[in-house]
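J.: Contents are mmCIF, C-alpha atoms and all ligand atoms; file name final-v7.cif:
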```cif
data_query
#
loop_
_atom_site.label_atom_id
_atom_site.label_comp_id
_atom_site.auth_asym_id
_atom_site.auth_seq_id
_atom_site.Cartn_x
_atom_site.Cartn_y
_atom_site.Cartn_z
CA MET A 868 0.88 14.67 9.55
CA LEU A 869 -0.32 11.29 8.41
CA ARG A 870 0.73 10.78 4.77
CA LEU A 871 -1.60 9.62 2.02
CA GLY A 872 -0.14 7.35 -0.66
CA VAL A 873 -2.45 6.88 -3.63
CA ASN A 874 -2.45 3.48 -5.32
CA ILE A 875 -3.29 3.88 -9.01
CA ASP A 876 -3.33 0.17 -10.00
CA HIS A 877 -6.99 0.13 -10.86
CA VAL A 878 -6.72 2.86 -13.45
CA ALA A 879 -4.65 0.25 -15.28
CA THR A 880 -7.34 -2.38 -14.57
CA ILE A 881 -9.85 -0.24 -16.51
CA ARG A 882 -7.37 0.35 -19.33
CA ASN A 883 -6.53 -3.34 -19.60
CA ALA A 884 -10.20 -4.38 -19.64
CA ARG A 885 -10.23 -3.13 -23.24
CA GLY A 886 -6.61 -3.68 -24.15
CA ALA A 887 -6.58 0.05 -24.89
CA SER A 888 -3.98 2.73 -24.20
CA TYR A 889 -6.25 4.69 -21.83
CA PRO A 890 -6.97 5.61 -19.08
CA GLU A 891 -3.31 6.08 -18.27
CA PRO A 892 -2.13 5.34 -14.70
CA VAL A 893 0.60 7.98 -15.04
CA ARG A 894 -2.03 10.63 -15.75
CA ALA A 895 -3.89 9.60 -12.60
CA ALA A 896 -0.62 9.73 -10.67
CA GLU A 897 0.04 13.24 -11.97
CA LEU A 898 -3.42 14.36 -10.93
CA ALA A 899 -3.06 12.71 -7.51
CA LEU A 900 0.28 14.44 -6.88
CA ALA A 901 -1.13 17.80 -8.02
CA ALA A 902 -4.03 17.26 -5.59
CA GLY A 903 -1.62 16.69 -2.69
CA ALA A 904 -0.88 12.98 -2.60
CA ASP A 905 2.27 12.35 -0.56
CA GLY A 906 3.32 9.51 -2.83
CA ILE A 907 2.22 7.06 -5.50
CA THR A 908 1.89 3.34 -4.98
CA ALA A 909 1.85 0.82 -7.82
CA HIS A 910 1.94 -2.98 -7.77
CA LEU A 911 3.65 -4.66 -10.69
CA ARG A 912 2.08 -8.10 -10.38
CA GLU A 913 3.81 -11.12 -11.84
CA ASP A 914 0.88 -11.66 -14.24
CA ARG A 915 0.84 -7.93 -15.20
CA ARG A 916 -2.92 -7.88 -14.75
CA HIS A 917 -2.95 -4.12 -14.18
CA ILE A 918 0.32 -2.15 -13.95
CA SER A 919 2.82 -2.89 -16.73
CA ASP A 920 6.60 -2.56 -16.89
CA ALA A 921 6.13 0.53 -19.10
CA ASP A 922 3.86 2.07 -16.42
CA ILE A 923 6.61 1.59 -13.81
CA ALA A 924 9.08 3.43 -16.04
CA LEU A 925 6.65 6.34 -16.54
CA LEU A 926 5.73 6.47 -12.84
CA THR A 927 9.39 6.40 -11.83
CA ASP A 928 10.10 9.40 -14.09
CA LEU A 929 7.07 11.32 -12.89
CA CYS A 930 7.83 10.81 -9.20
CA LEU A 931 11.45 11.80 -9.72
CA LYS A 932 10.38 14.99 -11.53
CA ARG A 933 7.86 15.88 -8.84
CA GLY A 934 10.20 14.95 -5.98
CA LYS A 935 7.63 12.53 -4.56
CA PRO A 936 8.13 8.95 -3.49
CA LEU A 937 7.17 5.98 -5.62
CA ASN A 938 6.23 2.99 -3.53
CA PHE A 939 6.85 -0.06 -5.71
CA GLU A 940 4.79 -3.02 -4.53
CA MET A 941 6.25 -6.33 -5.54
CA ALA A 942 6.36 -10.05 -4.90
CA VAL A 943 9.55 -11.52 -3.46
CA THR A 944 10.84 -13.00 -6.71
CA ASP A 945 14.16 -12.66 -8.54
CA GLU A 946 12.38 -11.07 -11.51
CA MET A 947 10.74 -8.35 -9.39
CA VAL A 948 13.87 -7.69 -7.35
CA GLY A 949 15.77 -7.26 -10.65
CA ILE A 950 13.19 -4.77 -11.95
CA ALA A 951 13.25 -2.83 -8.68
CA LEU A 952 17.05 -2.69 -8.70
CA GLY A 953 16.84 -1.09 -12.15
CA ALA A 954 14.01 1.32 -11.30
CA ARG A 955 15.56 2.34 -7.96
CA PRO A 956 12.23 3.40 -6.40
CA HIS A 957 12.11 5.43 -3.22
CA ALA A 958 10.38 2.52 -1.51
CA ALA A 959 9.79 -1.15 -2.18
CA CYS A 960 6.91 -2.89 -0.45
CA LEU A 961 7.18 -6.68 -0.46
CA VAL A 962 3.82 -8.40 -0.65
CA PRO A 963 2.67 -12.02 -0.92
CA GLU A 964 1.30 -12.87 -4.32
CA ARG A 965 -0.74 -15.77 -5.59
CA ARG A 966 -1.89 -15.72 -9.19
CA GLU A 967 -5.39 -16.97 -8.42
CA GLU A 968 -6.18 -14.31 -5.82
CA VAL A 969 -8.36 -11.30 -6.63
CA THR A 970 -6.21 -8.99 -4.53
CA THR A 971 -3.43 -9.28 -1.94
CA GLU A 972 -5.36 -11.46 0.46
CA GLY A 973 -3.11 -11.69 3.47
CA GLY A 974 0.17 -10.52 4.86
CA LEU A 975 3.61 -11.76 3.94
CA ASP A 976 4.74 -14.72 6.09
CA VAL A 977 8.10 -13.28 7.12
CA VAL A 978 8.65 -15.97 9.74
CA ARG A 979 8.47 -18.85 7.24
CA GLY A 980 10.06 -16.98 4.34
CA PHE A 981 12.71 -15.30 6.47
CA ASP A 982 15.87 -16.15 4.49
CA ARG A 983 14.36 -15.26 1.11
CA ILE A 984 12.81 -12.02 2.43
CA ALA A 985 15.94 -10.94 4.30
CA ALA A 986 18.04 -11.55 1.16
CA ALA A 987 15.64 -9.54 -1.06
CA THR A 988 15.55 -6.76 1.55
CA ALA A 989 19.34 -6.55 1.62
CA ARG A 990 19.54 -6.40 -2.20
CA LEU A 991 16.87 -3.67 -2.43
CA ARG A 992 18.58 -1.61 0.25
CA THR A 993 21.75 -1.53 -1.87
CA VAL A 994 19.99 0.87 -4.28
CA GLY A 995 18.64 3.03 -1.47
CA ALA A 996 15.08 1.68 -1.46
CA ARG A 997 13.27 1.87 1.85
CA VAL A 998 11.99 -1.64 2.27
CA SER A 999 8.55 -2.20 3.66
CA LEU A 1000 6.98 -5.59 4.43
CA PHE A 1001 3.21 -5.95 4.10
CA ILE A 1002 2.22 -8.06 7.10
CA GLU A 1003 -0.57 -8.87 9.52
CA ALA A 1004 -0.37 -7.24 12.96
CA ASP A 1005 1.16 -10.35 14.52
CA PRO A 1006 4.06 -9.79 16.97
CA ALA A 1007 6.07 -12.70 15.51
CA GLN A 1008 5.75 -11.26 11.99
CA ILE A 1009 6.65 -7.77 13.20
CA GLN A 1010 9.74 -9.04 15.02
CA ALA A 1011 10.76 -11.05 11.95
CA ALA A 1012 10.34 -7.95 9.74
CA ALA A 1013 12.72 -6.00 11.97
CA ASP A 1014 15.18 -8.92 12.05
CA ALA A 1015 15.01 -9.17 8.23
CA GLY A 1016 16.31 -5.62 7.92
CA ALA A 1017 13.14 -3.85 6.78
CA GLN A 1018 12.84 -0.18 7.76
CA VAL A 1019 9.05 -0.11 7.43
CA ILE A 1020 6.09 -2.42 7.94
CA GLU A 1021 2.73 -1.92 6.30
CA LEU A 1022 -0.07 -3.39 8.39
CA HIS A 1023 -2.76 -5.21 6.38
CA THR A 1024 -6.07 -3.54 7.21
CA GLY A 1025 -8.20 -5.69 4.87
CA ALA A 1026 -9.73 -7.92 7.56
CA TYR A 1027 -10.60 -4.91 9.73
CA CYS A 1028 -12.26 -3.06 6.86
CA ASP A 1029 -14.23 -6.13 5.75
CA VAL A 1030 -15.72 -6.94 9.14
CA ALA A 1031 -16.34 -3.27 10.01
CA ARG A 1032 -18.23 -2.77 6.73
CA GLU A 1033 -20.26 -5.93 7.34
CA GLY A 1034 -21.33 -4.48 10.71
CA HIS A 1035 -19.53 -7.00 12.97
CA ALA A 1036 -18.64 -4.41 15.60
CA ASP A 1037 -17.13 -6.84 18.13
CA ARG A 1038 -14.88 -8.54 15.60
CA ALA A 1039 -13.86 -5.18 14.16
CA ALA A 1040 -12.97 -3.89 17.63
CA ALA A 1041 -10.83 -6.97 18.31
CA ILE A 1042 -8.92 -6.60 15.03
CA LEU A 1043 -8.47 -2.89 15.66
CA GLU A 1044 -6.90 -3.70 19.05
CA ARG A 1045 -4.44 -6.03 17.30
CA LEU A 1046 -3.58 -3.28 14.79
CA LYS A 1047 -3.00 -0.81 17.64
CA ALA A 1048 -0.81 -3.21 19.60
CA GLY A 1049 1.09 -4.15 16.45
CA ALA A 1050 1.75 -0.52 15.54
CA ALA A 1051 3.01 0.21 19.07
CA PHE A 1052 5.28 -2.86 19.09
CA ALA A 1053 6.70 -2.03 15.65
CA ALA A 1054 7.45 1.53 16.72
CA GLU A 1055 9.26 0.19 19.81
CA LEU A 1056 11.45 -1.86 17.47
CA GLY A 1057 12.27 1.31 15.52
CA LEU A 1058 10.16 0.43 12.48
CA GLU A 1059 8.14 3.05 10.61
CA VAL A 1060 4.51 1.93 10.41
CA HIS A 1061 2.23 2.20 7.37
CA ALA A 1062 -1.19 0.68 6.82
CA GLY A 1063 -3.39 -0.16 3.89
CA HIS A 1064 -5.86 -2.37 2.08
CA GLY A 1065 -9.60 -2.05 1.81
CA ILE A 1066 -9.78 1.42 3.38
CA ASP A 1067 -12.78 3.61 2.51
CA TYR A 1068 -14.46 6.69 4.02
CA ALA A 1069 -16.31 4.54 6.57
CA THR A 1070 -13.24 2.68 7.86
CA VAL A 1071 -10.41 5.20 7.61
CA LYS A 1072 -10.85 7.08 10.90
CA PRO A 1073 -10.14 4.34 13.48
CA ILE A 1074 -7.04 3.35 11.48
CA ALA A 1075 -5.86 6.93 11.02
CA ALA A 1076 -6.24 7.52 14.76
CA ILE A 1077 -3.50 4.98 15.57
CA PRO A 1078 -0.69 7.37 16.51
CA GLN A 1079 2.30 5.34 15.28
CA ILE A 1080 0.97 5.05 11.72
CA ALA A 1081 2.83 7.46 9.43
CA GLU A 1082 1.25 6.61 6.07
CA LEU A 1083 -1.91 5.10 4.60
CA ASN A 1084 -1.88 3.57 1.13
CA ILE A 1085 -5.31 3.65 -0.47
CA GLY A 1086 -6.30 2.60 -3.97
CA HIS A 1087 -9.42 0.73 -5.01
CA PHE A 1088 -11.92 2.87 -3.13
CA LEU A 1089 -10.39 6.18 -4.21
CA ILE A 1090 -10.23 5.18 -7.87
CA GLY A 1091 -13.85 3.97 -7.71
CA GLU A 1092 -14.99 7.16 -6.02
CA ALA A 1093 -13.10 9.20 -8.60
CA ILE A 1094 -15.58 7.97 -11.23
CA PHE A 1095 -18.30 9.94 -9.45
CA VAL A 1096 -16.56 12.98 -7.96
CA GLY A 1097 -13.09 13.07 -9.53
CA LEU A 1098 -9.84 11.95 -7.93
CA PRO A 1099 -8.92 15.30 -6.29
CA GLN A 1100 -12.28 15.55 -4.52
CA ALA A 1101 -12.20 11.92 -3.41
CA MET A 1102 -8.68 12.44 -2.04
CA GLN A 1103 -9.64 15.67 -0.30
CA ARG A 1104 -12.50 13.96 1.53
CA MET A 1105 -10.27 11.04 2.52
CA ARG A 1106 -7.56 13.44 3.72
CA ALA A 1107 -10.10 15.45 5.74
CA LEU A 1108 -11.22 12.25 7.51
CA MET A 1109 -7.59 11.25 8.18
CA ASP A 1110 -6.76 14.67 9.62
CA ALA A 1111 -9.95 14.78 11.72
CA ALA A 1112 -9.15 11.35 13.16
CA ARG A 1113 -5.66 12.52 14.16
CA LEU A 1114 -6.95 15.72 15.76
CA GLU A 1115 -9.70 13.91 17.66
CA ALA A 1116 -7.26 11.28 18.89
CA ALA A 1117 -4.84 13.97 20.12
CA ALA A 1118 -7.58 15.96 21.92
N1 LIG A 1201 -1.12 -1.57 0.39
C1 LIG A 1201 -0.74 -2.75 -0.16
C2 LIG A 1201 0.53 -3.37 0.29
C3 LIG A 1201 -1.52 -3.34 -1.17
O1 LIG A 1201 -1.15 -4.53 -1.71
C4 LIG A 1201 -2.68 -2.67 -1.62
C5 LIG A 1201 -3.48 -3.25 -2.74
O2 LIG A 1201 -2.72 -3.32 -3.90
C6 LIG A 1201 -3.02 -1.44 -1.02
C7 LIG A 1201 -2.23 -0.93 0.00
C8 LIG A 1201 -4.22 -0.68 -1.43
O3 LIG A 1201 -5.39 -1.42 -1.15
P1 LIG A 1201 -6.76 -0.93 -1.70
O4 LIG A 1201 -6.66 -0.92 -3.20
O5 LIG A 1201 -7.74 -1.95 -1.20
O6 LIG A 1201 -7.01 0.45 -1.15
#
```
Represent the structure of the file as structure tokens.
T.:
Amino acid sequence: MLRLGVNIDHVATIRNARGASYPEPVRAAELALAAGADGITAHLREDRRHISDADIALLTDLCLKRGKPLNFEMAVTDEMVGIALGARPHAACLVPERREEVTTEGGLDVVRGFDRIAAATARLRTVGARVSLFIEADPAQIQAAADAGAQVIELHTGAYCDVAREGHADRAAAILERLKAGAAFAAELGLEVHAGHGIDYATVKPIAAIPQIAELNIGHFLIGEAIFVGLPQAMQRMRALMDAARLEAAA
């Protein structure tokens, strides 16, 4: 079945808005795992705007205890690689990072940053991390990810979700075709395919229907929805849509 990774960064965003000690991301992670999340995703940004180093330590312990994967999202910097080598997460997802951006706005440019990314990938693999590169569904980027030694790519779904939500059906269909072709090409190269960014109830099904995708990582929408219905219920509805999309696509 398609796995659901829950990104709990924005629990930390709420905590940090007050400089308080709550709400705790690790408590959200515990709840998400109890409600059937297949893994937890957290992004330790260079500016520490949401997740902190202490959160990573707590999340690492929790995931180890529960036997569930922690997907550590990180920029390709010596500092972050050092932290990941110490934390030894199940998975490391390398993402582009610019301090002025509101969120991760595009995919990693593996073609231009090849040497740096390949070197970081090799170092992370020495501690058993499955390395994933967060990229656009561009054949050159996908080929470069495979050449750099990554085992996984995560396709950036942000542009698809934005235009689909804005009602631009033609543009959404074109981006979806690129995501489909990219997932198929990556699978041919032997890469595991994940997807994430910007996914909500309205956009999840076409993405979940892409057969090569093994995992979706979803954060902002689920944490927002949790305010109204609770995290378990928000996750259950998301999971039901993911499963329905898979069944309908297989029929
Ligand atoms: N996957 C990656 C690589 C990300 O950087 C993010 C955002 O931190 C997500 C998934 C989750 O995106 P969203 O919070 O929009 O669901």
J.: Set out as CSV a contact list for chain A and ligand LIG 1201 (chain A) with a cut-off of 6 Å, giving each residue of chain A that qualifies its closest atom pair and distance in Å to one decimal, counting all atoms listed in the file, ordered by chain and rising residue number.
T.:
```
residue,atom,partner,partner_atom,distance
A:Asn874,CA,A:LIG1201,C8,6.0
A:Thr971,CA,A:LIG1201,O1,5.3
A:Phe1001,CA,A:LIG1201,C2,5.3
A:Gly1063,CA,A:LIG1201,C7,4.1
A:His1064,CA,A:LIG1201,O3,3.4
A:Gly1065,CA,A:LIG1201,O5,3.5
A:Ile1066,CA,A:LIG1201,O6,5.4
A:Asn1084,CA,A:LIG1201,C7,4.7
A:Ile1085,CA,A:LIG1201,O6,3.7
A:Gly1086,CA,A:LIG1201,O6,3.6
A:His1087,CA,A:LIG1201,O4,3.7
A:Phe1088,CA,A:LIG1201,O6,5.8
```
J.: Just the number, please: distance in Å from atom CA of A:Ala1076 to atom CA of A:Lys1047, one decimal.
T.: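 Taking atom CA of A:Ala1076 as the start and atom CA of A:Lys1047 as the end point, the length is 9.4 Å.
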J.: Within 9 Å of (-7.6, -4.3, -12.0), only C-alpha atoms: residues as number ranges by chain?
T.: A: 876-884, 916-918, 969-970, 1087
J.: Between atom CA of A:Gln1018 and atom CA of A:Leu1058, what distance in Å does the model show, to one decimal?
T.: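 Spanning atom CA of A:Gln1018 to atom CA of A:Leu1058 is a straight-line distance of 5.5 Å.
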J.: Excluding same-chain residues fewer than 4 positions from A:Tyr1068, what lies within 9 Å of it counting all atoms listed in the file, as an NGL selection string?
T.: :A and (1072 or 1088 or 1104-1105 or 1108)
J.: Please determine, counting only C-alpha atoms, which residue among A:Val977, A:Met868, A:Gly995, A:Ala921 has the shortest atom-to-atom distance to A:Arg1106.
T.: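 Using only C-alpha atoms, A:Arg1106 sits closest to A:Met868.
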J.: With 6 Å as the threshold, what does the neighbourhood of (-12.4, -7.2, 13.4) contain in terms of residues, counting all atoms listed in the file? Coordinates are those of the file; answer as a list in words.
T.: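 Final list of nearby residues, as requested, is Tyr1027, Val1030, Arg1038, Ala1039, Ala1040, Ala1041 and Ile1042 of chain A.
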J.: Could you dump the residues just selected with C-alpha atoms as a short mmCIF file (atom, residue, chain, number, x, y, z; two decimals), in the frame of the given file?
T.:
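The file below, part04.cif, is the result:
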```
data_model
loop_
_atom_site.label_atom_id
_atom_site.label_comp_id
_atom_site.auth_asym_id
_atom_site.auth_seq_id
_atom_site.Cartn_x
_atom_site.Cartn_y
_atom_site.Cartn_z
CA TYR A 1027 -10.60 -4.91 9.73
CA VAL A 1030 -15.72 -6.94 9.14
CA ARG A 1038 -14.88 -8.54 15.60
CA ALA A 1039 -13.86 -5.18 14.16
CA ALA A 1040 -12.97 -3.89 17.63
CA ALA A 1041 -10.83 -6.97 18.31
CA ILE A 1042 -8.92 -6.60 15.03
#
```
J.: Which is closest to A:Gly906 among A:Gly1057, A:Pro1099, A:Pro936, A:Pro1073, if we use all atoms listed in the file?
T.: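 Of the candidates, the smallest distance to A:Gly906 is held by A:Pro936.
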J.: Taking 4 positions as the minimum chain separation for residues in the same chain, which residues sit within 6 Å of A:Glu1003 when counting only C-alpha atoms? Answer as a list in words.
T.: Gly974, Leu1022 and His1023 of chain A
J.: Might you pull out every residue within 8 Å of A:Met941, with only C-alpha atoms counted and same-chain residues fewer than 5 positions away left off, and present them as a ChimeraX atom specification?
T.: /A:910-912,947-948,959-962
J.: Is there a way to complete stretch 1070-1096 of chain A with N, CA and C atoms and then write that out as a PDB file, in the coordinates of the input?
T.:
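That gives us rebuild.pdb:
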```pdb
ATOM      1  N   THR A1070     -14.175   3.436   7.012  1.00  0.00           N
ATOM      2  CA  THR A1070     -13.240   2.680   7.860  1.00  0.00           C
ATOM      3  C   THR A1070     -11.946   3.425   8.166  1.00  0.00           C
ATOM      4  N   VAL A1071     -11.733   4.569   7.512  1.00  0.00           N
ATOM      5  CA  VAL A1071     -10.410   5.200   7.610  1.00  0.00           C
ATOM      6  C   VAL A1071     -10.127   5.786   9.008  1.00  0.00           C
ATOM      7  N   LYS A1072     -11.163   6.310   9.692  1.00  0.00           N
ATOM      8  CA  LYS A1072     -10.850   7.080  10.900  1.00  0.00           C
ATOM      9  C   LYS A1072     -10.226   6.261  12.032  1.00  0.00           C
ATOM     10  N   PRO A1073     -10.787   5.101  12.379  1.00  0.00           N
ATOM     11  CA  PRO A1073     -10.140   4.340  13.480  1.00  0.00           C
ATOM     12  C   PRO A1073      -8.698   3.952  13.150  1.00  0.00           C
ATOM     13  N   ILE A1074      -8.417   3.718  11.874  1.00  0.00           N
ATOM     14  CA  ILE A1074      -7.040   3.350  11.480  1.00  0.00           C
ATOM     15  C   ILE A1074      -6.149   4.586  11.562  1.00  0.00           C
ATOM     16  N   ALA A1075      -6.656   5.688  11.023  1.00  0.00           N
ATOM     17  CA  ALA A1075      -5.860   6.930  11.020  1.00  0.00           C
ATOM     18  C   ALA A1075      -5.579   7.428  12.432  1.00  0.00           C
ATOM     19  N   ALA A1076      -6.429   7.050  13.378  1.00  0.00           N
ATOM     20  CA  ALA A1076      -6.240   7.520  14.760  1.00  0.00           C
ATOM     21  C   ALA A1076      -5.099   6.793  15.479  1.00  0.00           C
ATOM     22  N   ILE A1077      -4.601   5.713  14.910  1.00  0.00           N
ATOM     23  CA  ILE A1077      -3.500   4.980  15.570  1.00  0.00           C
ATOM     24  C   ILE A1077      -2.227   5.823  15.445  1.00  0.00           C
ATOM     25  N   PRO A1078      -1.685   6.303  16.582  1.00  0.00           N
ATOM     26  CA  PRO A1078      -0.690   7.370  16.510  1.00  0.00           C
ATOM     27  C   PRO A1078       0.625   6.996  15.836  1.00  0.00           C
ATOM     28  N   GLN A1079       1.001   5.717  15.868  1.00  0.00           N
ATOM     29  CA  GLN A1079       2.300   5.340  15.280  1.00  0.00           C
ATOM     30  C   GLN A1079       2.248   5.235  13.756  1.00  0.00           C
ATOM     31  N   ILE A1080       1.061   5.232  13.179  1.00  0.00           N
ATOM     32  CA  ILE A1080       0.970   5.050  11.720  1.00  0.00           C
ATOM     33  C   ILE A1080       1.345   6.369  11.028  1.00  0.00           C
ATOM     34  N   ALA A1081       2.311   6.272  10.116  1.00  0.00           N
ATOM     35  CA  ALA A1081       2.830   7.460   9.430  1.00  0.00           C
ATOM     36  C   ALA A1081       2.230   7.624   8.032  1.00  0.00           C
ATOM     37  N   GLU A1082       1.706   6.546   7.472  1.00  0.00           N
ATOM     38  CA  GLU A1082       1.250   6.610   6.070  1.00  0.00           C
ATOM     39  C   GLU A1082       0.139   5.591   5.834  1.00  0.00           C
ATOM     40  N   LEU A1083      -0.873   6.025   5.076  1.00  0.00           N
ATOM     41  CA  LEU A1083      -1.910   5.100   4.600  1.00  0.00           C
ATOM     42  C   LEU A1083      -1.774   4.991   3.090  1.00  0.00           C
ATOM     43  N   ASN A1084      -1.874   3.774   2.575  1.00  0.00           N
ATOM     44  CA  ASN A1084      -1.880   3.570   1.130  1.00  0.00           C
ATOM     45  C   ASN A1084      -3.267   3.096   0.719  1.00  0.00           C
ATOM     46  N   ILE A1085      -3.898   3.899  -0.129  1.00  0.00           N
ATOM     47  CA  ILE A1085      -5.310   3.650  -0.470  1.00  0.00           C
ATOM     48  C   ILE A1085      -5.461   3.679  -1.985  1.00  0.00           C
ATOM     49  N   GLY A1086      -6.157   2.675  -2.528  1.00  0.00           N
ATOM     50  CA  GLY A1086      -6.300   2.600  -3.970  1.00  0.00           C
ATOM     51  C   GLY A1086      -7.704   2.377  -4.452  1.00  0.00           C
ATOM     52  N   HIS A1087      -8.177   1.143  -4.340  1.00  0.00           N
ATOM     53  CA  HIS A1087      -9.420   0.730  -5.010  1.00  0.00           C
ATOM     54  C   HIS A1087     -10.578   1.671  -4.722  1.00  0.00           C
ATOM     55  N   PHE A1088     -10.782   2.011  -3.453  1.00  0.00           N
ATOM     56  CA  PHE A1088     -11.920   2.870  -3.130  1.00  0.00           C
ATOM     57  C   PHE A1088     -11.775   4.262  -3.750  1.00  0.00           C
ATOM     58  N   LEU A1089     -10.579   4.821  -3.670  1.00  0.00           N
ATOM     59  CA  LEU A1089     -10.390   6.180  -4.210  1.00  0.00           C
ATOM     60  C   LEU A1089     -10.589   6.218  -5.727  1.00  0.00           C
ATOM     61  N   ILE A1090     -10.096   5.202  -6.412  1.00  0.00           N
ATOM     62  CA  ILE A1090     -10.230   5.180  -7.870  1.00  0.00           C
ATOM     63  C   ILE A1090     -11.713   4.983  -8.239  1.00  0.00           C
ATOM     64  N   GLY A1091     -12.412   4.155  -7.469  1.00  0.00           N
ATOM     65  CA  GLY A1091     -13.850   3.970  -7.710  1.00  0.00           C
ATOM     66  C   GLY A1091     -14.617   5.267  -7.469  1.00  0.00           C
ATOM     67  N   GLU A1092     -14.308   5.908  -6.378  1.00  0.00           N
ATOM     68  CA  GLU A1092     -14.990   7.160  -6.020  1.00  0.00           C
ATOM     69  C   GLU A1092     -14.686   8.253  -7.043  1.00  0.00           C
ATOM     70  N   ALA A1093     -13.493   8.193  -7.602  1.00  0.00           N
ATOM     71  CA  ALA A1093     -13.100   9.200  -8.600  1.00  0.00           C
ATOM     72  C   ALA A1093     -14.024   9.191  -9.813  1.00  0.00           C
ATOM     73  N   ILE A1094     -14.644   8.043 -10.097  1.00  0.00           N
ATOM     74  CA  ILE A1094     -15.580   7.970 -11.230  1.00  0.00           C
ATOM     75  C   ILE A1094     -16.726   8.958 -11.004  1.00  0.00           C
ATOM     76  N   PHE A1095     -17.127   9.113  -9.752  1.00  0.00           N
ATOM     77  CA  PHE A1095     -18.300   9.940  -9.450  1.00  0.00           C
ATOM     78  C   PHE A1095     -17.950  11.388  -9.143  1.00  0.00           C
ATOM     79  N   VAL A1096     -16.839  11.606  -8.426  1.00  0.00           N
ATOM     80  CA  VAL A1096     -16.560  12.980  -7.960  1.00  0.00           C
ATOM     81  C   VAL A1096     -15.213  13.498  -8.454  1.00  0.00           C
TER      82      VAL A1096
END
```
